[in-house]
Amino acid sequence: MISFILMVNKQGQTRLSSYYEWMDMQERVALESEIIRKCLSRSELQCSFLEYRGFKVIYRRYASLFFIVGTKADFDVRVKGISSDADNYENELGMLEFIHILVETMDRWAGSIWKLEGGWRQASWRQELSLFLLSKSKSALLHLAPSATGDSWLSFIIFVLLLMSWLAKMAFLALTATRVATAFSAATLRSVGASSSLAASTSRRSLSNAAAVAFLDNRNRGASASNTAGRFLSRSAAAASTCTSSITALRQSTVVESELEKNLGVSHPAFDIISTDIVQEFGAYCTLYRHKESGAELLSVSTDDDNKCFGITFRTPPTDSTGVPHILEHSVLCGSRKYKTKDPFVQLLQGSLQTFLNAFTYPDRTCYVVASQNTKDFYNLINVYADAVFHPRATSDPMVHAQEGWHLELEKMEEPLTYKGVVYNEMKGVYSSPDSLMQRDAQQSIFPDNTYGVDSGGSPVEIPNLSFEQFAEFHQKFYHPGNSRIFFAGDDDVAKRLEIMDEYLKDFGPSPESKPASTIQWQKKTFDAPKKIRNPYPAGNDQPETHMIMVNWLVNDRPFTPVEEITVTILDHLLMGTSSSILYKTLMESGLGESITGGGLMSELMQGSFSVGLKGVKPEDVDKVEELIISTLQKVVDEGFTEDAIAASMNTIEFDMREFNTGSFPKGLSLMLGSMREWIYDRSPTDALRFEEPLAELKESISESGSKVFQDMVKEFLLENTHRSTLEMYPSKTLEEEVLQEEKDRLAKIKESMSEEELQKIIDTTVELKKLQAAEDAPEARATIPSLELSDLKREVTEYPIAVSENEAESGVTVVRHELGSTSGIAYANLAVDVSGIALEDVPLLPLFTRMMLETGAGEYDSVALSRRIGTHTGGVSASALIAGVNEDGGTEGTVSSGEHFVTKLLITGKATSDKTDELFSIFDLILRDANLDAKSKIIEILKQAKSQKESTVQGSGHATANSRIRSRYNVVGYINEKMSGLESLDTVKQLLNQAENDFPALLARLENIRNTILESSTCRDGMILDLTGDAAVFEKIQPSVENFLSKLPGDANAGKLQDFYSAPHPWVAQIKEEMAASAPVADEGFVVPTQVSYVGKGGRLYDIGEAVSGSSAVVSRFLGTGYMWDNIRVIGGAYGGFCQFNPRDGVFSFLSYRDPNLAGSIDVYDGAADALLASAADMENDPDALKTAIIGAVADMDGALSPDQKGTAQFKRWLTRESPEQRQKYRDEVLNTTPADFKAFAERLKALKDPSSAVVSSKAAFEDAAKAGKEFTLKNVM
């Protein structure tokens, strides 16, 4: 029995399809994708018959078209009892003859069959076909098949042609009316494009979009990914057959026709086409090119995404730990052949509409990436980046290497030598963190023989060994186009892409040695037995002498198959993906340590590794941790995973993959980094993006053998794998001093070995470098940087849909809806519950309370069962506290708030497909009402983990700690945030941990009181808001679920009202002000931690309460951060980052530095900012281009790309804070109309900054040096 007939072109696009038995549309999509791929991948020497999932498939190729017929396979006849008579059993040779007859028949009316493909996009083709067939009678149709043999065949041909006649008529009518087919195809593409997810970067499991962005922010165009390089998009994701129904809404109908098809195989005389491909999972139309002269490979991906992305990646394996690829990554963006300024990167930051502008170094590759929604801007960014990587100033100017890498600095002959350099100081900051030290040592321990065994980011001890000549040679060796992978994605013109790149690539001839020289060698599994390593980490004097231990495996020493990649990723989630995953849970509940380290699978490189362990381990328990890890893995091998565990893990990952929600992070970048995981190793870039076929194979394997596939993998790649290391890190309270002393001794020895002439040369070079760094770019140099005009900017503020329904369905609850064009069948939901009734002293417990809602179980579900229920039925559920200042009734918008009016909410957030919202809302209700608060051991575990994480944050992200502390001194909301998440919260966590261990009933009573208060029946519904984002179809489908949820929420729908927070001060305000006066005085504070760098903050009140704040403040503040602060804190000062922040709602302004070698000097820079700004304001009177650049950069910050859920959340918060559209437009107008006078006015305010104060995180030695320079601080030992 014939089941289906497909006509497909050689690019894999379905041109015609007919099905003769019912099949769900989603099944058709998957079936066609998999069968087409199998047929097209077979060589001409292979048989034209194959069997696939119950179908016997017969195909033949004619010119550029494949004709594919599917029949019921012998399996169905033998096993399923289908009748084997002539009507139901087809002969393969007969099918081939049938295909030939069908082709001859079509050839009669089409002229030549090979012309069908070339003319497929032309309406005249289809109109001619339909008119021809509609004009024929049955006898005419019979005449069209003179070579048919047998009445049954002839009858079938007549049936096929009549069916095609009807389909053609329908298509013709649609085309001649409104060309609905094209529009439908485009819409379908958008839905199919929403079919994957952004995977994690710095951890082994999927992170939120904010975490992914933070990963790149932490690299701020240059951080090494040597130990935490991201796997942003992994094809290693899959789904369980038991949970497919919960995610089918994410896949819609197949793309039959699309405007994007024309972008496949676009030709250019300078390029050869290697292959064309369609990645249906993402709606991506891909053409792989090779540049004829240079050998560069270019992947052109056409999608309907207006956030266009360009990237160029070089394979850059280092042979030592001097950090040469990392330093080069910083340096190539410091001027080039065409773009003459000192730092074009900064000019682009200052004055483009970029949605992404960065570069990052992996252990084996370096990536340069830009993205923009504005086409003109996009081309500008591409040109600057392309010229930078191929023709950088850095390879001919040693000053760039000195600035970005390292140099010896000396200002006076009698002073000691010092090392300076951006990367040098960055890496000193990185390796001040015990976590970073452990990750580096762990990686090097299992990769002793290949490039992964050295530090691509650079070791501070080794960086000064890198000479300028070695630096330039590395660029010459690895930055040839023949060693590059060039990537485009988005809706821009393909021909233009090729034209732009040819302008740069045509300067280069072939380089046969480039690729072989950069080939990554496999690290073989050479350990006969596991290795043990002990290294110190820096600890503070008051820090407990606990150890860190991590067990590390080299997972694979051969390429994984696609199915193995999926399997190992799902296995990682089963072991470590959630707090209820078996290995994670067992370690945390053991009491052997405070928090997890390692995090499981890292698979972004050619070879994967698996690492897991604990921090905060007592010396006597070190061996027990390793034993527990091994015994837990043995238990997995012996007992396997339960069905519900597998279903939850697989559904979680598949939901993320299909949703493809990258937030404001460009989707094109996630596609690029996903493809690079294979492409960079000379494998197919598009195969790296596919997951449907291996997904289906994994599902089939699970359906046949359950957990066995995972058990076998644990056994082979972990338990029986002796290429393993166990790394123990022990505390050293003298290590920081030893490292600093070693540097001083080394520098003293260097100085002693130098003659006076040599020292004078260093002094002269220091002066010259600082002079160059401080010098302004010449006007003619600035003119080389391409820029937009103000007329290119959108003047209207972007608004998102919102509809507010108060007391919906007489529930007493307000429902807010954001109906978007498409959310791919997903409903996004936020339930906000008022918490203003809880006591202020219990506010710091809210972070603990929200974690318990999800991690301690609820109702009849223990923690494991709850986690699995969430994973199986939803795309994720989270809980957090929301504190937001609001506009006061009767007040004037755009003025500084008193800080007394704000809303305080507990926010439960989740997402699910529309058919699973009942489950989503049921989970919301469950964790709100019945979270298990009486969980002493789990609470202690959570608090220990929180303590460890907060200590790491202070040490590694001290700028955030300093900023929170500064803002807590001037504003009520800032003070609350400091209590909940700032440095003060670390003290709170320590106190809560002590209470949990020694007086748990008292802590439990506090937690129960929080829940009882927020669920007070007389008022709780009045404070509830249900915020929903979806498309029209989603809202229609979920409405019954919404009404049911509202009716069951706790509280009385007709009871009392909460106070109006928009007209009366929040009930916490009076007590907070008393506390602020006593415990948050305006003072200069220093926080002592073990570190080799500083995080320096200073701020104060720029605007008083009630003063109007113009939108121009955003322009000026940004100008300061990307100009004066960049030049003086980063370029001249050598810090990794320098920036400033201004909040127009509270009027507080702050300066901040990141991984800063200076302390007192940075504060002096801050103090000079006002005068510098006044000078800039004067210059702008005669330099309108500088003003224009500043305005464009500010607009870029306002117009970032948002995902559907982000659009809904943004509009919800606008509504919640009572920010009007009129005020938003006024603010934007003020940004666009900024003048030099606004700069001057801002500078004058900055010069008169009120009640300034500082907060600094640094070492004891740095504070002592600062005191000598006249900068005194009240010190507190944090660690």
# chains A, B, ... in the order shown; residues from 1 in each chain; ligands from 1
>>> residues_around(residues="segment 897-906 of chain A", least_positions_apart="3", cutoff="6 Å", atoms="only C-alpha atoms", output="MDAnalysis selection string")
chainID A and resid 832:836 880:886 972 1061 1065:1066 1105 1145:1146
>>> select_by_dssp(residues="segment 1128-1191 of chain A", states="strand (DSSP E or B)", output="list in words")
Gly1137, Gly1138, Phe1139, Cys1140, Gln1141, Phe1142, Asn1143, Val1148, Phe1149, Ser1150, Phe1151, Leu1152, Ser1153, Tyr1154 and Asp1156 of chain A
>>> write_last_selection(atoms="all heavy atoms", output="CSV table (one decimal), in the first residue's frame")
chain,number,residue,atom,x,y,z
A,1137,GLY,N,38.1,46.7,33.5
A,1137,GLY,CA,36.9,47.4,33.1
A,1137,GLY,C,36.8,48.7,34.0
A,1137,GLY,O,37.2,48.7,35.2
A,1138,GLY,N,36.2,49.7,33.4
A,1138,GLY,CA,35.8,50.9,34.1
A,1138,GLY,C,34.5,51.5,33.6
A,1138,GLY,O,34.4,51.6,32.4
A,1139,PHE,N,33.6,51.8,34.4
A,1139,PHE,CA,32.3,52.2,34.0
A,1139,PHE,C,31.6,53.0,35.0
A,1139,PHE,O,32.1,53.1,36.2
A,1139,PHE,CB,31.4,51.0,33.6
A,1139,PHE,CG,31.7,49.8,34.4
A,1139,PHE,CD1,31.0,49.5,35.5
A,1139,PHE,CD2,32.6,48.8,33.9
A,1139,PHE,CE1,31.2,48.4,36.3
A,1139,PHE,CE2,32.9,47.7,34.7
A,1139,PHE,CZ,32.2,47.4,35.8
A,1140,CYS,N,30.4,53.6,34.7
A,1140,CYS,CA,29.7,54.4,35.6
A,1140,CYS,C,28.2,54.0,35.4
A,1140,CYS,O,27.8,53.6,34.4
A,1140,CYS,CB,29.9,55.9,35.5
A,1140,CYS,SG,29.8,56.5,33.8
A,1141,GLN,N,27.4,54.3,36.5
A,1141,GLN,CA,26.0,54.0,36.4
A,1141,GLN,C,25.2,55.2,37.0
A,1141,GLN,O,25.6,55.7,38.0
A,1141,GLN,CB,25.7,52.7,37.3
A,1141,GLN,CG,26.2,51.4,36.6
A,1141,GLN,CD,25.7,50.2,37.4
A,1141,GLN,OE1,25.0,50.3,38.4
A,1141,GLN,NE2,26.1,49.0,36.9
A,1142,PHE,N,24.1,55.4,36.4
A,1142,PHE,CA,23.2,56.5,36.9
A,1142,PHE,C,21.8,56.0,36.8
A,1142,PHE,O,21.3,55.5,35.8
A,1142,PHE,CB,23.3,57.8,36.1
A,1142,PHE,CG,22.3,58.8,36.5
A,1142,PHE,CD1,22.3,59.3,37.8
A,1142,PHE,CD2,21.4,59.3,35.6
A,1142,PHE,CE1,21.4,60.3,38.2
A,1142,PHE,CE2,20.5,60.2,36.0
A,1142,PHE,CZ,20.5,60.7,37.3
A,1143,ASN,N,21.0,56.1,37.9
A,1143,ASN,CA,19.6,55.7,38.0
A,1143,ASN,C,18.8,56.9,38.1
A,1143,ASN,O,18.8,57.6,39.1
A,1143,ASN,CB,19.4,54.8,39.2
A,1143,ASN,CG,18.0,54.2,39.2
A,1143,ASN,OD1,17.1,54.7,38.6
A,1143,ASN,ND2,17.8,53.1,40.0
A,1148,VAL,N,21.0,58.7,42.0
A,1148,VAL,CA,22.4,58.3,42.5
A,1148,VAL,C,23.3,57.9,41.3
A,1148,VAL,O,22.9,57.2,40.4
A,1148,VAL,CB,22.2,57.1,43.5
A,1148,VAL,CG1,23.6,56.7,43.9
A,1148,VAL,CG2,21.4,57.5,44.7
A,1149,PHE,N,24.5,58.4,41.4
A,1149,PHE,CA,25.5,58.2,40.3
A,1149,PHE,C,26.7,57.5,41.0
A,1149,PHE,O,27.1,57.8,42.1
A,1149,PHE,CB,25.9,59.5,39.7
A,1149,PHE,CG,26.9,59.3,38.6
A,1149,PHE,CD1,26.5,59.3,37.3
A,1149,PHE,CD2,28.3,59.3,38.8
A,1149,PHE,CE1,27.4,59.1,36.2
A,1149,PHE,CE2,29.2,59.2,37.8
A,1149,PHE,CZ,28.7,59.1,36.5
A,1150,SER,N,27.2,56.5,40.2
A,1150,SER,CA,28.4,55.8,40.8
A,1150,SER,C,29.4,55.5,39.7
A,1150,SER,O,29.1,55.2,38.6
A,1150,SER,CB,27.9,54.5,41.5
A,1150,SER,OG,27.3,53.6,40.6
A,1151,PHE,N,30.7,55.5,40.1
A,1151,PHE,CA,31.8,55.1,39.3
A,1151,PHE,C,32.3,53.7,39.8
A,1151,PHE,O,32.3,53.5,41.1
A,1151,PHE,CB,33.0,56.0,39.5
A,1151,PHE,CG,32.8,57.4,39.0
A,1151,PHE,CD1,32.5,58.4,39.9
A,1151,PHE,CD2,32.9,57.8,37.7
A,1151,PHE,CE1,32.3,59.7,39.5
A,1151,PHE,CE2,32.8,59.1,37.2
A,1151,PHE,CZ,32.5,60.1,38.2
A,1152,LEU,N,32.7,52.8,38.9
A,1152,LEU,CA,33.1,51.5,39.3
A,1152,LEU,C,34.3,51.0,38.4
A,1152,LEU,O,34.4,51.4,37.3
A,1152,LEU,CB,32.0,50.5,39.1
A,1152,LEU,CG,30.7,50.8,40.0
A,1152,LEU,CD1,29.5,50.0,39.4
A,1152,LEU,CD2,31.0,50.4,41.4
A,1153,SER,N,35.2,50.2,39.0
A,1153,SER,CA,36.2,49.6,38.2
A,1153,SER,C,36.2,48.1,38.5
A,1153,SER,O,35.7,47.6,39.6
A,1153,SER,CB,37.6,50.2,38.6
A,1153,SER,OG,38.0,49.8,39.9
A,1154,TYR,N,36.8,47.3,37.6
A,1154,TYR,CA,36.7,45.9,37.6
A,1154,TYR,C,38.1,45.3,37.4
A,1154,TYR,O,38.8,45.7,36.4
A,1154,TYR,CB,35.8,45.4,36.6
A,1154,TYR,CG,35.5,43.9,36.5
A,1154,TYR,CD1,34.9,43.2,37.5
A,1154,TYR,CD2,35.9,43.2,35.3
A,1154,TYR,CE1,34.7,41.8,37.4
A,1154,TYR,CE2,35.7,41.8,35.2
A,1154,TYR,CZ,35.1,41.2,36.2
A,1154,TYR,OH,34.9,39.8,36.1
A,1156,ASP,N,41.0,45.8,38.9
A,1156,ASP,CA,41.8,47.1,38.8
A,1156,ASP,C,43.1,46.9,39.6
A,1156,ASP,O,43.1,46.6,40.8
A,1156,ASP,CB,41.0,48.2,39.4
A,1156,ASP,CG,41.5,49.6,39.1
A,1156,ASP,OD1,42.6,49.7,38.7
A,1156,ASP,OD2,40.7,50.5,39.3
>>> atom_distance(atom1="atom CA of Lys699 of chain A", atom2="atom CA of Asp656 of chain A")
17.1 Å
>>> closest_residue(among="A:Thr1209, A:Asn807, A:Gln1059, A:Ser294", to="Met1024 of chain A", atoms="only C-alpha atoms")
A:Asn807
>>> select_by_dssp(residues="segment 988-1064 of chain A", states="alpha helix (DSSP H)", output="MDAnalysis selection string")
chainID A and resid 988:998 1000:1014 1032:1048
>>> write_last_selection(atoms="N, CA and C atoms", output="short mmCIF file (atom, residue, chain, number, x, y, z; two decimals), in the first residue's frame")
data_model
loop_
_atom_site.label_atom_id
_atom_site.label_comp_id
_atom_site.auth_asym_id
_atom_site.auth_seq_id
_atom_site.Cartn_x
_atom_site.Cartn_y
_atom_site.Cartn_z
N THR A 988 23.83 38.00 56.94
CA THR A 988 22.53 37.43 57.25
C THR A 988 22.53 35.92 57.06
N VAL A 989 23.12 35.46 55.98
CA VAL A 989 23.17 34.03 55.70
C VAL A 989 23.93 33.30 56.80
N LYS A 990 25.02 33.89 57.26
CA LYS A 990 25.78 33.27 58.35
C LYS A 990 24.93 33.17 59.62
N GLN A 991 24.18 34.23 59.91
CA GLN A 991 23.31 34.22 61.10
C GLN A 991 22.19 33.19 60.95
N LEU A 992 21.60 33.11 59.76
CA LEU A 992 20.52 32.14 59.53
C LEU A 992 21.05 30.71 59.62
N LEU A 993 22.25 30.50 59.12
CA LEU A 993 22.85 29.17 59.20
C LEU A 993 23.04 28.77 60.65
N ASN A 994 23.51 29.69 61.45
CA ASN A 994 23.68 29.43 62.88
C ASN A 994 22.33 29.13 63.54
N GLN A 995 21.30 29.88 63.17
CA GLN A 995 19.97 29.65 63.74
C GLN A 995 19.41 28.30 63.29
N ALA A 996 19.62 27.96 62.02
CA ALA A 996 19.11 26.68 61.52
C ALA A 996 19.76 25.51 62.23
N GLU A 997 21.03 25.63 62.54
CA GLU A 997 21.75 24.53 63.18
C GLU A 997 21.47 24.45 64.67
N ASN A 998 21.21 25.59 65.30
CA ASN A 998 21.12 25.61 66.76
C ASN A 998 19.74 25.94 67.32
N PHE A 1000 16.45 25.66 65.22
CA PHE A 1000 15.64 25.54 64.01
C PHE A 1000 14.16 25.89 64.23
N PRO A 1001 13.54 25.52 65.36
CA PRO A 1001 12.13 25.90 65.54
C PRO A 1001 11.89 27.40 65.41
N ALA A 1002 12.84 28.20 65.85
CA ALA A 1002 12.67 29.66 65.73
C ALA A 1002 12.72 30.09 64.27
N LEU A 1003 13.64 29.49 63.50
CA LEU A 1003 13.72 29.82 62.07
C LEU A 1003 12.48 29.33 61.34
N LEU A 1004 12.02 28.14 61.67
CA LEU A 1004 10.82 27.60 61.04
C LEU A 1004 9.62 28.50 61.31
N ALA A 1005 9.51 29.00 62.52
CA ALA A 1005 8.40 29.88 62.86
C ALA A 1005 8.43 31.15 62.01
N ARG A 1006 9.62 31.67 61.75
CA ARG A 1006 9.74 32.86 60.91
C ARG A 1006 9.31 32.57 59.48
N LEU A 1007 9.71 31.43 58.97
CA LEU A 1007 9.35 31.06 57.60
C LEU A 1007 7.84 30.84 57.47
N GLU A 1008 7.28 30.15 58.45
CA GLU A 1008 5.83 29.92 58.42
C GLU A 1008 5.06 31.22 58.54
N ASN A 1009 5.58 32.13 59.32
CA ASN A 1009 4.92 33.43 59.47
C ASN A 1009 4.93 34.21 58.16
N ILE A 1010 6.02 34.08 57.39
CA ILE A 1010 6.07 34.73 56.08
C ILE A 1010 4.95 34.21 55.20
N ARG A 1011 4.81 32.88 55.15
CA ARG A 1011 3.77 32.32 54.28
C ARG A 1011 2.39 32.70 54.77
N ASN A 1012 2.15 32.59 56.06
CA ASN A 1012 0.83 32.94 56.59
C ASN A 1012 0.49 34.39 56.31
N THR A 1013 1.47 35.25 56.37
CA THR A 1013 1.23 36.68 56.16
C THR A 1013 0.87 36.96 54.71
N ILE A 1014 1.64 36.42 53.77
CA ILE A 1014 1.38 36.74 52.36
C ILE A 1014 0.11 36.05 51.86
N ALA A 1032 -2.53 35.02 20.13
CA ALA A 1032 -3.99 34.92 20.21
C ALA A 1032 -4.44 33.48 20.39
N ALA A 1033 -3.81 32.56 19.67
CA ALA A 1033 -4.21 31.16 19.77
C ALA A 1033 -3.91 30.61 21.16
N VAL A 1034 -2.78 31.01 21.71
CA VAL A 1034 -2.43 30.56 23.06
C VAL A 1034 -3.45 31.07 24.07
N PHE A 1035 -3.78 32.36 23.99
CA PHE A 1035 -4.72 32.93 24.96
C PHE A 1035 -6.09 32.27 24.86
N GLU A 1036 -6.51 31.98 23.66
CA GLU A 1036 -7.81 31.33 23.49
C GLU A 1036 -7.80 29.94 24.12
N LYS A 1037 -6.70 29.23 23.93
CA LYS A 1037 -6.64 27.86 24.42
C LYS A 1037 -6.49 27.79 25.94
N ILE A 1038 -5.78 28.75 26.54
CA ILE A 1038 -5.49 28.64 27.97
C ILE A 1038 -6.55 29.32 28.84
N GLN A 1039 -7.52 30.00 28.25
CA GLN A 1039 -8.47 30.76 29.06
C GLN A 1039 -9.20 29.89 30.10
N PRO A 1040 -9.67 28.71 29.74
CA PRO A 1040 -10.30 27.87 30.78
C PRO A 1040 -9.34 27.56 31.93
N SER A 1041 -8.07 27.34 31.61
CA SER A 1041 -7.08 27.07 32.66
C SER A 1041 -6.88 28.29 33.54
N VAL A 1042 -6.89 29.47 32.93
CA VAL A 1042 -6.72 30.70 33.70
C VAL A 1042 -7.87 30.87 34.68
N GLU A 1043 -9.09 30.69 34.19
CA GLU A 1043 -10.27 30.87 35.04
C GLU A 1043 -10.28 29.85 36.17
N ASN A 1044 -9.90 28.64 35.86
CA ASN A 1044 -9.85 27.60 36.90
C ASN A 1044 -8.80 27.94 37.95
N PHE A 1045 -7.65 28.41 37.52
CA PHE A 1045 -6.57 28.78 38.43
C PHE A 1045 -7.00 29.93 39.34
N LEU A 1046 -7.61 30.94 38.76
CA LEU A 1046 -8.04 32.10 39.55
C LEU A 1046 -9.05 31.70 40.62
N SER A 1047 -9.93 30.79 40.26
CA SER A 1047 -10.98 30.39 41.21
C SER A 1047 -10.43 29.62 42.40
N LYS A 1048 -9.26 28.99 42.22
CA LYS A 1048 -8.70 28.13 43.27
C LYS A 1048 -7.61 28.78 44.09
#
>>> atom_distance(atom1="atom CA of Ala1160 of chain A", atom2="atom CA of Pro416 of chain A")
17.8 Å
>>> closest_residue(among="A:Phe66, A:Asp435, A:Glu565, A:Lys615", to="Leu587 of chain A", atoms="only C-alpha atoms")
A:Lys615
>>> closest_residue(among="A:Thr366, A:Ser41, A:Thr14, A:Asn721", to="Gln280 of chain A", atoms="only C-alpha atoms")
A:Thr14
>>> atom_distance(atom1="atom CA of Ser670 of chain A", atom2="atom CA of Lys477 of chain A")
27.7 Å
>>> closest_residue(among="A:Asp1238, A:Glu984, A:Glu281, A:Asp925", to="Glu654 of chain A", atoms="only C-alpha atoms")
A:Glu281
>>> closest_residue(among="A:Ala696, A:Val797, A:Val804, A:Leu333", to="His818 of chain A", atoms="only C-alpha atoms")
A:Val804
>>> closest_atom_pairs(of="segment 1170-1261 of chain A", to="segment 295-317 of chain A", cutoff="12 Å", atoms="only C-alpha atoms", output="Markdown table")
| residue | atom | partner | partner_atom | distance |
| --- | --- | --- | --- | --- |
| A:Asp1199 | CA | A:Asn307 | CA | 11.4 |
| A:Gly1200 | CA | A:Asn307 | CA | 9.4 |
| A:Ala1201 | CA | A:Asn307 | CA | 7.1 |
| A:Leu1202 | CA | A:Asn307 | CA | 10.0 |
| A:Ser1203 | CA | A:Asn307 | CA | 11.3 |
>>> write_last_selection(atoms="N, CA and C atoms", output="short mmCIF file (atom, residue, chain, number, x, y, z; two decimals), in the first residue's frame")
data_model
loop_
_atom_site.label_atom_id
_atom_site.label_comp_id
_atom_site.auth_asym_id
_atom_site.auth_seq_id
_atom_site.Cartn_x
_atom_site.Cartn_y
_atom_site.Cartn_z
N ASP A 1199 17.19 50.19 22.62
CA ASP A 1199 16.49 49.46 21.56
C ASP A 1199 17.02 48.06 21.34
N GLY A 1200 17.43 47.38 22.38
CA GLY A 1200 17.92 46.02 22.21
C GLY A 1200 16.82 45.06 21.79
N ALA A 1201 17.23 43.97 21.15
CA ALA A 1201 16.27 42.94 20.73
C ALA A 1201 15.79 42.17 21.95
N LEU A 1202 14.48 41.90 22.00
CA LEU A 1202 13.89 41.18 23.13
C LEU A 1202 13.16 39.94 22.64
N SER A 1203 13.18 38.90 23.46
CA SER A 1203 12.40 37.70 23.20
C SER A 1203 10.95 37.97 23.58
#
